[in-house]
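> mmCIF, C-alpha atoms (C1' of nucleotides), saved as query-v3.cif, coming up:
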```
data_final
loop_
_atom_site.label_atom_id
_atom_site.label_comp_id
_atom_site.auth_asym_id
_atom_site.auth_seq_id
_atom_site.Cartn_x
_atom_site.Cartn_y
_atom_site.Cartn_z
CA MET A 355 101.42 85.77 102.08
CA ARG A 356 99.45 83.68 104.46
CA LEU A 357 100.36 82.85 108.01
CA SER A 358 98.16 80.12 109.43
CA THR A 359 98.58 77.40 112.02
CA LYS A 360 99.45 75.07 109.17
CA GLY A 361 102.45 77.25 108.34
CA ARG A 362 103.40 77.30 112.01
CA TYR A 363 103.36 73.54 112.20
CA ALA A 364 105.65 73.42 109.20
CA VAL A 365 108.07 76.01 110.57
CA THR A 366 108.15 74.33 113.96
CA ALA A 367 108.77 70.93 112.40
CA MET A 368 111.54 72.28 110.20
CA LEU A 369 113.09 73.93 113.22
CA ASP A 370 113.01 70.59 115.02
CA LEU A 371 114.74 69.03 112.03
CA ALA A 372 117.40 71.72 111.98
CA LEU A 373 118.07 71.35 115.70
CA HIS A 374 118.47 67.57 115.48
CA SER A 375 120.54 67.50 112.32
CA GLY A 376 123.94 65.92 112.79
CA ASN A 377 122.57 62.83 114.48
CA GLY A 378 121.56 61.39 111.15
CA PRO A 379 118.07 61.67 109.68
CA VAL A 380 115.14 62.56 111.93
CA THR A 381 112.01 60.45 111.80
CA LEU A 382 108.61 62.03 111.55
CA ALA A 383 107.63 59.94 114.57
CA ASP A 384 110.20 61.85 116.62
CA VAL A 385 109.01 65.21 115.36
CA SER A 386 105.46 64.13 116.10
CA VAL A 387 106.32 63.38 119.73
CA ASN A 388 108.59 66.40 120.20
CA GLN A 389 106.23 68.96 118.73
CA GLY A 390 102.88 67.37 119.49
CA ILE A 391 101.79 67.14 115.86
CA SER A 392 99.99 64.07 114.56
CA LEU A 393 102.15 61.80 112.44
CA SER A 394 99.83 61.67 109.46
CA TYR A 395 99.40 65.41 109.39
CA LEU A 396 103.17 65.74 109.37
CA GLU A 397 103.26 63.36 106.44
CA GLN A 398 101.02 65.71 104.49
CA LEU A 399 103.12 68.73 105.37
CA PHE A 400 106.36 66.96 104.52
CA ALA A 401 104.97 65.83 101.18
CA ALA A 402 104.67 69.52 100.29
CA LEU A 403 108.09 70.33 101.74
CA ARG A 404 109.59 67.44 99.77
CA ASN A 405 108.11 68.72 96.53
CA LYS A 406 109.81 72.05 97.09
CA LYS A 407 113.10 70.28 97.89
CA LEU A 408 113.18 71.75 101.38
CA VAL A 409 113.60 68.29 102.89
CA ARG A 410 114.99 64.98 101.67
CA GLY A 411 113.57 61.65 102.84
CA VAL A 412 115.62 58.52 103.46
CA ARG A 413 113.71 55.25 103.61
CA GLY A 414 114.30 52.10 105.54
CA PRO A 415 115.45 51.47 109.09
CA GLY A 416 117.55 54.32 110.39
CA GLY A 417 115.90 56.52 107.82
CA GLY A 418 114.05 59.79 108.28
CA TYR A 419 114.32 63.30 106.97
CA TYR A 420 117.23 65.62 106.29
CA LEU A 421 117.01 69.27 105.40
CA GLY A 422 117.14 69.58 101.64
CA LYS A 423 119.51 72.55 101.83
CA PRO A 424 121.72 74.11 104.50
CA ALA A 425 119.61 75.77 107.18
CA SER A 426 121.15 79.09 106.21
CA GLU A 427 119.55 78.82 102.78
CA ILE A 428 116.03 78.04 103.96
CA SER A 429 113.91 81.05 104.80
CA ILE A 430 110.73 81.11 106.83
CA ALA A 431 108.92 82.36 103.74
CA ASP A 432 110.12 79.30 101.80
CA ILE A 433 108.56 77.00 104.36
CA ILE A 434 105.25 78.83 104.60
CA CYS A 435 104.91 79.09 100.83
CA ALA A 436 105.54 75.37 100.47
CA VAL A 437 102.63 74.29 102.67
CA ASP A 438 100.26 77.25 102.30
CA GLU A 439 99.10 77.74 98.74
CA TRP A 440 99.80 81.27 97.66
CA VAL A 441 96.42 82.79 96.87
CA GLU A 442 96.24 86.07 95.04
CA PHE A 443 93.99 88.31 97.02
CA THR A 444 93.22 91.30 94.86
CA ARG A 445 90.48 90.68 92.36
CA CYS A 446 91.75 92.99 89.61
CA GLY A 447 94.89 91.18 88.54
CA GLY A 448 96.85 94.16 87.22
CA ARG A 449 95.55 93.86 83.68
CA GLU A 450 91.85 94.26 84.40
CA ASN A 451 90.43 97.75 84.36
CA CYS A 452 89.34 98.84 87.77
CA ARG A 453 86.01 100.52 88.08
CA ASP A 454 87.02 103.76 89.68
CA GLY A 455 90.78 103.79 89.94
CA GLN A 456 90.43 104.14 93.68
CA ARG A 457 89.91 100.45 93.94
CA CYS A 458 93.17 99.80 92.21
CA LEU A 459 94.97 102.10 94.59
CA THR A 460 93.72 100.20 97.61
CA HIS A 461 94.65 96.92 96.06
CA HIS A 462 98.03 98.20 95.06
CA LEU A 463 98.71 99.35 98.59
CA TRP A 464 97.75 95.97 99.90
CA ASP A 465 100.07 94.30 97.41
CA GLN A 466 102.85 96.54 98.63
CA LEU A 467 102.26 95.56 102.23
CA SER A 468 102.03 91.91 101.29
CA ASP A 469 105.37 92.19 99.51
CA GLU A 470 106.84 93.84 102.55
CA ILE A 471 105.78 91.01 104.84
CA PHE A 472 107.06 88.46 102.38
CA ARG A 473 110.46 90.12 102.21
CA PHE A 474 110.66 90.28 105.95
CA LEU A 475 110.06 86.55 106.29
CA SER A 476 112.39 85.82 103.40
CA ASP A 477 115.22 87.46 105.30
CA ILE A 478 114.93 85.17 108.30
CA THR A 479 116.50 81.74 107.84
CA LEU A 480 116.28 78.58 109.89
CA GLN A 481 119.95 79.05 110.72
CA ASP A 482 119.17 82.46 112.21
CA LEU A 483 116.74 80.87 114.63
CA VAL A 484 119.11 78.02 115.51
CA ASP A 485 122.00 80.43 116.12
CA ARG A 486 119.85 82.58 118.33
CA GLY A 487 119.02 79.61 120.55
CA ARG A 488 122.52 78.12 120.70
CA SER A 489 124.33 81.33 121.57
CA ARG A 490 122.71 81.63 124.99
CA PRO A 491 121.78 78.10 125.99
CA GLY A 492 120.99 78.77 129.64
CA SER A 493 119.34 82.12 129.27
CA PRO A 494 115.61 82.06 130.01
CA THR A 495 114.84 85.15 127.96
CA ILE A 496 116.44 85.86 124.64
CA GLU A 497 116.53 89.37 123.32
CA VAL A 498 114.64 89.88 120.13
CA GLY A 499 115.36 92.63 117.68
CA ASP A 500 118.69 91.31 116.47
CA LEU A 501 117.03 89.44 113.65
CA GLU A 502 115.80 92.72 112.28
CA ASP A 503 119.32 94.11 112.30
CA ARG A 504 120.56 91.05 110.53
CA ALA A 505 117.87 91.28 107.87
CA LYS A 506 118.71 94.95 107.48
CA ARG A 507 122.37 94.22 106.83
CA ARG A 508 121.56 91.53 104.33
CA ALA A 509 119.26 93.86 102.45
CA ALA A 510 121.92 96.56 102.31
CA MET B 538 99.99 86.20 114.85
CA ARG B 539 97.69 85.02 112.17
CA LEU B 540 97.41 86.39 108.68
CA SER B 541 94.42 85.01 106.84
CA THR B 542 92.20 86.27 104.07
CA LYS B 543 89.85 87.50 106.78
CA GLY B 544 92.59 89.80 108.04
CA ARG B 545 93.24 90.93 104.50
CA TYR B 546 89.62 91.85 104.02
CA ALA B 547 89.78 93.91 107.20
CA VAL B 548 92.99 95.69 106.24
CA THR B 549 91.73 96.40 102.75
CA ALA B 550 88.44 97.76 104.09
CA MET B 551 90.21 99.95 106.63
CA LEU B 552 92.49 101.22 103.91
CA ASP B 553 89.44 102.11 101.85
CA LEU B 554 88.06 103.99 104.83
CA ALA B 555 91.31 105.88 105.34
CA LEU B 556 91.49 106.85 101.68
CA HIS B 557 87.92 108.19 101.61
CA SER B 558 88.05 109.99 104.94
CA GLY B 559 87.40 113.71 104.66
CA ASN B 560 84.26 113.30 102.57
CA GLY B 561 82.27 112.48 105.69
CA PRO B 562 81.55 108.96 106.85
CA VAL B 563 81.94 106.05 104.43
CA THR B 564 79.09 103.56 104.10
CA LEU B 565 79.73 99.86 104.19
CA ALA B 566 77.77 99.64 100.96
CA ASP B 567 80.45 101.76 99.28
CA VAL B 568 83.26 99.67 100.70
CA SER B 569 81.40 96.57 99.59
CA VAL B 570 81.24 97.80 95.99
CA ASN B 571 84.75 99.24 95.95
CA GLN B 572 86.49 96.21 97.39
CA GLY B 573 84.18 93.44 96.25
CA ILE B 574 83.34 92.22 99.74
CA SER B 575 79.82 91.19 100.67
CA LEU B 576 77.96 93.72 102.79
CA SER B 577 76.99 91.36 105.58
CA TYR B 578 80.48 90.00 105.87
CA LEU B 579 81.74 93.55 106.20
CA GLU B 580 79.21 94.10 108.96
CA GLN B 581 80.68 91.20 110.88
CA LEU B 582 84.22 92.43 110.41
CA PHE B 583 83.27 95.96 111.42
CA ALA B 584 81.52 94.68 114.51
CA ALA B 585 84.90 93.38 115.65
CA LEU B 586 86.67 96.56 114.58
CA ARG B 587 84.07 98.62 116.44
CA ASN B 588 84.62 96.62 119.63
CA LYS B 589 88.31 97.47 119.48
CA LYS B 590 87.46 101.16 118.86
CA LEU B 591 89.23 101.08 115.50
CA VAL B 592 86.14 102.46 113.75
CA ARG B 593 83.16 104.54 114.81
CA GLY B 594 79.74 104.14 113.23
CA VAL B 595 77.24 106.94 112.56
CA ARG B 596 73.64 105.92 111.99
CA GLY B 597 70.91 107.43 109.90
CA PRO B 598 70.93 108.84 106.37
CA GLY B 599 74.30 110.31 105.50
CA GLY B 600 75.83 108.03 108.10
CA GLY B 601 78.58 105.48 107.75
CA TYR B 602 81.93 104.72 109.34
CA TYR B 603 84.82 106.89 110.48
CA LEU B 604 88.18 105.68 111.63
CA GLY B 605 88.13 105.49 115.42
CA LYS B 606 91.60 107.01 115.68
CA PRO B 607 93.91 108.92 113.35
CA ALA B 608 95.27 106.63 110.63
CA SER B 609 98.75 107.21 112.00
CA GLU B 610 97.75 105.52 115.24
CA ILE B 611 96.24 102.39 113.69
CA SER B 612 98.72 99.64 112.92
CA ILE B 613 98.20 96.69 110.62
CA ALA B 614 98.66 94.42 113.63
CA ASP B 615 95.81 96.23 115.41
CA ILE B 616 93.45 95.48 112.54
CA ILE B 617 94.43 91.85 112.16
CA CYS B 618 94.24 91.19 115.89
CA ALA B 619 90.76 92.72 116.00
CA VAL B 620 89.23 90.32 113.49
CA ASP B 621 91.46 87.25 113.89
CA GLU B 622 91.36 85.82 117.37
CA TRP B 623 94.85 85.52 118.76
CA VAL B 624 95.49 81.85 119.35
CA GLU B 625 98.46 80.75 121.40
CA PHE B 626 100.33 78.17 119.41
CA THR B 627 102.82 76.48 121.67
CA ARG B 628 101.35 73.80 123.90
CA CYS B 629 103.68 74.23 126.85
CA GLY B 630 102.66 77.63 128.13
CA GLY B 631 105.88 78.62 129.86
CA ARG B 632 104.93 77.11 133.22
CA GLU B 633 104.48 73.52 132.14
CA ASN B 634 107.47 71.24 132.24
CA CYS B 635 108.52 70.19 128.80
CA ARG B 636 109.37 66.59 128.26
CA ASP B 637 112.90 66.88 126.99
CA GLY B 638 113.90 70.53 127.10
CA GLN B 639 114.49 70.41 123.39
CA ARG B 640 110.82 70.86 122.83
CA CYS B 641 110.83 74.02 124.84
CA LEU B 642 113.71 75.39 122.79
CA THR B 643 111.85 74.87 119.55
CA HIS B 644 108.74 76.46 120.95
CA HIS B 645 110.71 79.32 122.36
CA LEU B 646 112.32 79.97 119.01
CA TRP B 647 108.93 79.99 117.39
CA ASP B 648 107.64 82.44 119.97
CA GLN B 649 110.58 84.67 119.20
CA LEU B 650 109.82 84.64 115.50
CA SER B 651 106.15 85.22 116.16
CA ASP B 652 107.04 88.26 118.27
CA GLU B 653 109.25 89.52 115.51
CA ILE B 654 106.48 89.32 112.94
CA PHE B 655 104.05 91.00 115.30
CA ARG B 656 106.44 93.88 115.91
CA PHE B 657 106.99 94.29 112.21
CA LEU B 658 103.27 94.62 111.55
CA SER B 659 102.84 96.87 114.57
CA ASP B 660 105.28 99.33 113.07
CA ILE B 661 103.30 99.82 109.87
CA THR B 662 100.32 102.17 110.16
CA LEU B 663 97.42 102.89 107.86
CA GLN B 664 98.87 106.36 107.40
CA ASP B 665 102.13 104.87 106.15
CA LEU B 666 100.24 103.07 103.39
CA VAL B 667 98.18 106.13 102.49
CA ASP B 668 101.28 108.35 102.34
CA ARG B 669 103.05 105.86 100.15
CA GLY B 670 100.20 105.94 97.63
CA ARG B 671 99.69 109.70 97.67
CA SER B 672 103.33 110.65 97.23
CA ARG B 673 103.61 109.22 93.72
CA PRO B 674 100.07 109.22 92.35
CA GLY B 675 100.93 108.51 88.71
CA SER B 676 103.76 106.10 89.23
CA PRO B 677 102.90 102.53 88.22
CA THR B 678 105.52 100.95 90.47
CA ILE B 679 106.23 102.21 93.95
CA GLU B 680 109.51 101.39 95.61
CA VAL B 681 109.17 99.28 98.70
CA GLY B 682 111.72 99.19 101.45
CA ASP B 683 111.06 102.64 102.82
CA LEU B 684 108.55 101.30 105.27
CA GLU B 685 111.28 99.22 106.85
CA ASP B 686 113.42 102.31 107.29
CA ARG B 687 110.54 104.14 108.85
CA ALA B 688 109.83 101.29 111.26
CA LYS B 689 113.51 101.20 112.11
CA ARG B 690 113.54 104.87 113.03
CA ARG B 691 110.45 104.55 115.13
CA ALA B 692 111.95 101.66 117.06
CA ALA B 693 115.16 103.61 117.70
"C1'" DC C 479 54.78 111.38 112.23
"C1'" DC C 480 56.69 108.78 108.51
"C1'" DT C 481 59.81 107.30 105.33
"C1'" DT C 482 64.38 106.41 104.06
"C1'" DG C 483 69.04 105.36 104.79
"C1'" DT C 484 72.18 103.66 107.51
"C1'" DC C 485 74.16 100.95 111.35
"C1'" DC C 486 73.40 96.94 114.24
"C1'" DC C 487 72.34 92.16 115.54
"C1'" DA C 488 71.45 87.10 115.36
"C1'" DA C 489 70.80 82.84 113.23
"C1'" DG C 490 71.81 79.80 109.72
"C1'" DT C 491 74.69 77.73 105.89
"C1'" DA C 492 77.55 76.12 101.88
"C1'" DA C 493 82.19 75.70 100.79
"C1'" DA C 494 86.75 75.43 102.08
"C1'" DA C 495 90.63 74.64 105.17
"C1'" DT C 496 92.36 72.21 109.10
"C1'" DA C 497 93.81 68.31 111.35
"C1'" DG C 498 93.52 64.32 111.50
"C1'" DT C 499 92.66 58.52 110.58
"C1'" DC C 500 93.36 54.33 108.10
"C1'" DA C 501 95.26 51.28 104.85
"C1'" DA C 502 98.33 49.77 101.57
"C1'" DC C 503 102.80 49.85 99.34
"C1'" DA C 504 107.96 50.77 98.46
"C1'" DA C 505 112.57 50.92 99.84
"C1'" DT C 506 116.12 49.83 102.97
"C1'" DC C 507 118.66 47.55 106.71
"C1'" DT C 508 119.82 43.54 109.66
"C1'" DA D 1155 112.66 37.14 105.37
"C1'" DG D 1156 111.19 40.58 108.43
"C1'" DA D 1157 111.29 44.87 110.69
"C1'" DT D 1158 111.52 49.76 109.97
"C1'" DT D 1159 110.67 53.76 107.83
"C1'" DG D 1160 109.15 56.71 103.97
"C1'" DT D 1161 105.37 57.39 100.32
"C1'" DT D 1162 100.87 57.67 98.66
"C1'" DG D 1163 95.95 58.02 98.54
"C1'" DA D 1164 91.39 57.85 100.19
"C1'" DC D 1165 88.48 59.06 103.70
"C1'" DT D 1166 86.42 61.96 107.77
"C1'" DA D 1167 85.26 65.10 111.67
"C1'" DT D 1168 85.75 69.70 113.07
"C1'" DT D 1169 86.48 74.45 112.47
"C1'" DT D 1170 86.80 78.57 109.85
"C1'" DT D 1171 85.46 81.37 106.06
"C1'" DA D 1172 82.42 83.97 103.56
"C1'" DC D 1173 78.11 84.74 102.81
"C1'" DT D 1174 72.72 84.90 103.27
"C1'" DT D 1175 68.50 86.06 105.35
"C1'" DG D 1176 65.77 88.65 108.06
"C1'" DG D 1177 65.06 91.47 110.93
"C1'" DG D 1178 65.54 95.39 114.20
"C1'" DA D 1179 67.47 100.46 116.15
"C1'" DC D 1180 68.38 105.04 115.27
"C1'" DA D 1181 68.85 109.41 112.97
"C1'" DA D 1182 67.78 112.90 109.38
"C1'" DG D 1183 64.50 115.05 106.00
"C1'" DG D 1184 59.99 115.74 104.42
#
```
Render the structure in this file as structure tokens.

Amino acid sequence: MRLSTKGRYAVTAMLDLALHSGNGPVTLADVSVNQGISLSYLEQLFAALRNKKLVRGVRGPGGGYYLGKPASEISIADIICAVDEWVEFTRCGGRENCRDGQRCLTHHLWDQLSDEIFRFLSDITLQDLVDRGRSRPGSPTIEVGDLEDRAKRRAA
Amino acid sequence: MRLSTKGRYAVTAMLDLALHSGNGPVTLADVSVNQGISLSYLEQLFAALRNKKLVRGVRGPGGGYYLGKPASEISIADIICAVDEWVEFTRCGGRENCRDGQRCLTHHLWDQLSDEIFRFLSDITLQDLVDRGRSRPGSPTIEVGDLEDRAKRRAA
DNA sequence: CCTTGTCCCAAGTAAAATAGTCAACAATCT
DNA sequence: AGATTGTTGACTATTTTACTTGGGACAAGG
């Protein structure tokens, strides 16, 4: 799992798409203005998102992008994985013999943690974020912590 | 929150330190060999960790590094924040007027998610990882999911 | 004291990732 | 046809990563 600014751009852009869905497709130019991301950089990100079927492009006037699936079926992990290449971190890829065994333990523990983070982000969908914002439109502060409960229930 | 390979190096190194604690201080040279990280890069990472009091160095022959605090008081978020500068992502920093209000909503939602991730990583300590490895030393696969329960209890 | 082992510090650097620009082309609508 | 938008690819400046080099500072053992 990797969480860089690139992933943030992608999540933010997808969130923008989800929020504006219903008014027809959303142009990258709009997202660019709304979120302050350069148009051509968005194009690169959306090329990756398109490959993973997370968005669907419509050409021509009145065109733009739709979400490729319902927002409730797109997780944050999906988005981040689409734009950030998944790089295996541990050097001994399971099959290789580790020098002292201790090394493997450390790496295994890291893998565990990495899995944990991945699961956590897999349990949060775009729809979760949209719902959270819509439910209390005027409220300046929104309570966090409910997402965790939701993820917990889904896991159970 | 930012989760790069740099942060992974730091977490892995700290994990190595936690696992070898008890046999006196651990040298960076050992960590370098065990984890396959270059010595001078480790020195840079540990300089940051030292500034945040997460490790304590002992000079001279027989010297090395100790954890600065008990492993149970060092969270994964602590480690990552020490080596990866925290960069604020959203452009409108709360006080600034957003152009259309919608922008603020998107950014707010992202902030929420970012907080959520940070809390999640704050609830996992080095000790948690060490315990998880020690409890089933011979087992090839270790069940994940318990860490979430533990974090849940701590939050309650 | 002197040597050795370690931490500590600073500067530089090659490779990669980030965050763009620019230009051309393809599909669609009016 | 012409305007609008997606699609693709090549190119570039900046930053970050991961590492190198080369030295010190400081403590223990002889």
> With 10 Å as the cut-off and only C-alpha atoms (C1' of nucleotides) counted, what is the closest atom pair between each nearby residue of chain C and chain A? Distances in Å to one decimal, ordered by chain and number, as CSV.

```
residue,atom,partner,partner_atom,distance
C:DA495,C1',A:Lys360,CA,9.7
C:DT496,C1',A:Lys360,CA,7.6
C:DA497,C1',A:Tyr395,CA,6.6
C:DG498,C1',A:Tyr395,CA,6.3
C:DT499,C1',A:Ser394,CA,7.9
C:DC500,C1',A:Ser394,CA,9.9
C:DA504,C1',A:Arg413,CA,8.9
C:DA505,C1',A:Arg413,CA,5.9
C:DT506,C1',A:Gly414,CA,3.9
C:DC507,C1',A:Pro415,CA,5.6
C:DT508,C1',A:Pro415,CA,9.1
```
> What's the separation between CA of Val563 (chain B) and CA of Cys618 (chain B), in Å to one decimal place?
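Atom-to-atom, CA of Val563 (chain B) and CA of Cys618 (chain B) are spaced 22.4 Å apart.
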> By how many Å are CA of Phe657 (chain B) and CA of Trp464 (chain A) apart?
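CA of Phe657 (chain B) sits 15.5 Å away from CA of Trp464 (chain A).
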> I need the output of the PyMOL selection byres ((chain D and resi 1177) around 10) for this file as an mmCIF file with C-alpha atoms (C1' of nucleotides), in the coordinates of the input; which residues are they?

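Final file, part_38.cif:
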```
data_model
loop_
_atom_site.group_PDB
_atom_site.id
_atom_site.type_symbol
_atom_site.label_atom_id
_atom_site.label_comp_id
_atom_site.auth_asym_id
_atom_site.auth_seq_id
_atom_site.Cartn_x
_atom_site.Cartn_y
_atom_site.Cartn_z
ATOM 1 C "C1'" DC C 487 72.340 92.160 115.540
ATOM 2 C "C1'" DA C 488 71.450 87.100 115.360
ATOM 3 C "C1'" DT D 1175 68.500 86.060 105.350
ATOM 4 C "C1'" DG D 1176 65.770 88.650 108.060
ATOM 5 C "C1'" DG D 1178 65.540 95.390 114.200
#
```
> With the PyMOL selection byres ((chain D and resi 1163) around 10) as the selection, what would be picked from this file? Answer as a list of chain:residue names, please.
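Output of the PyMOL selection byres ((chain D and resi 1163) around 10): C:DA501, C:DA502, D:DT1161, D:DT1162, D:DA1164, D:DC1165.
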> Hey, what's within 8 Å of Leu475 (chain A) if we count only C-alpha atoms (C1' of nucleotides) and toss same-chain stuff fewer than 4 positions away? As a PyMOL selection string, please?
chain A and resi 429-431+471
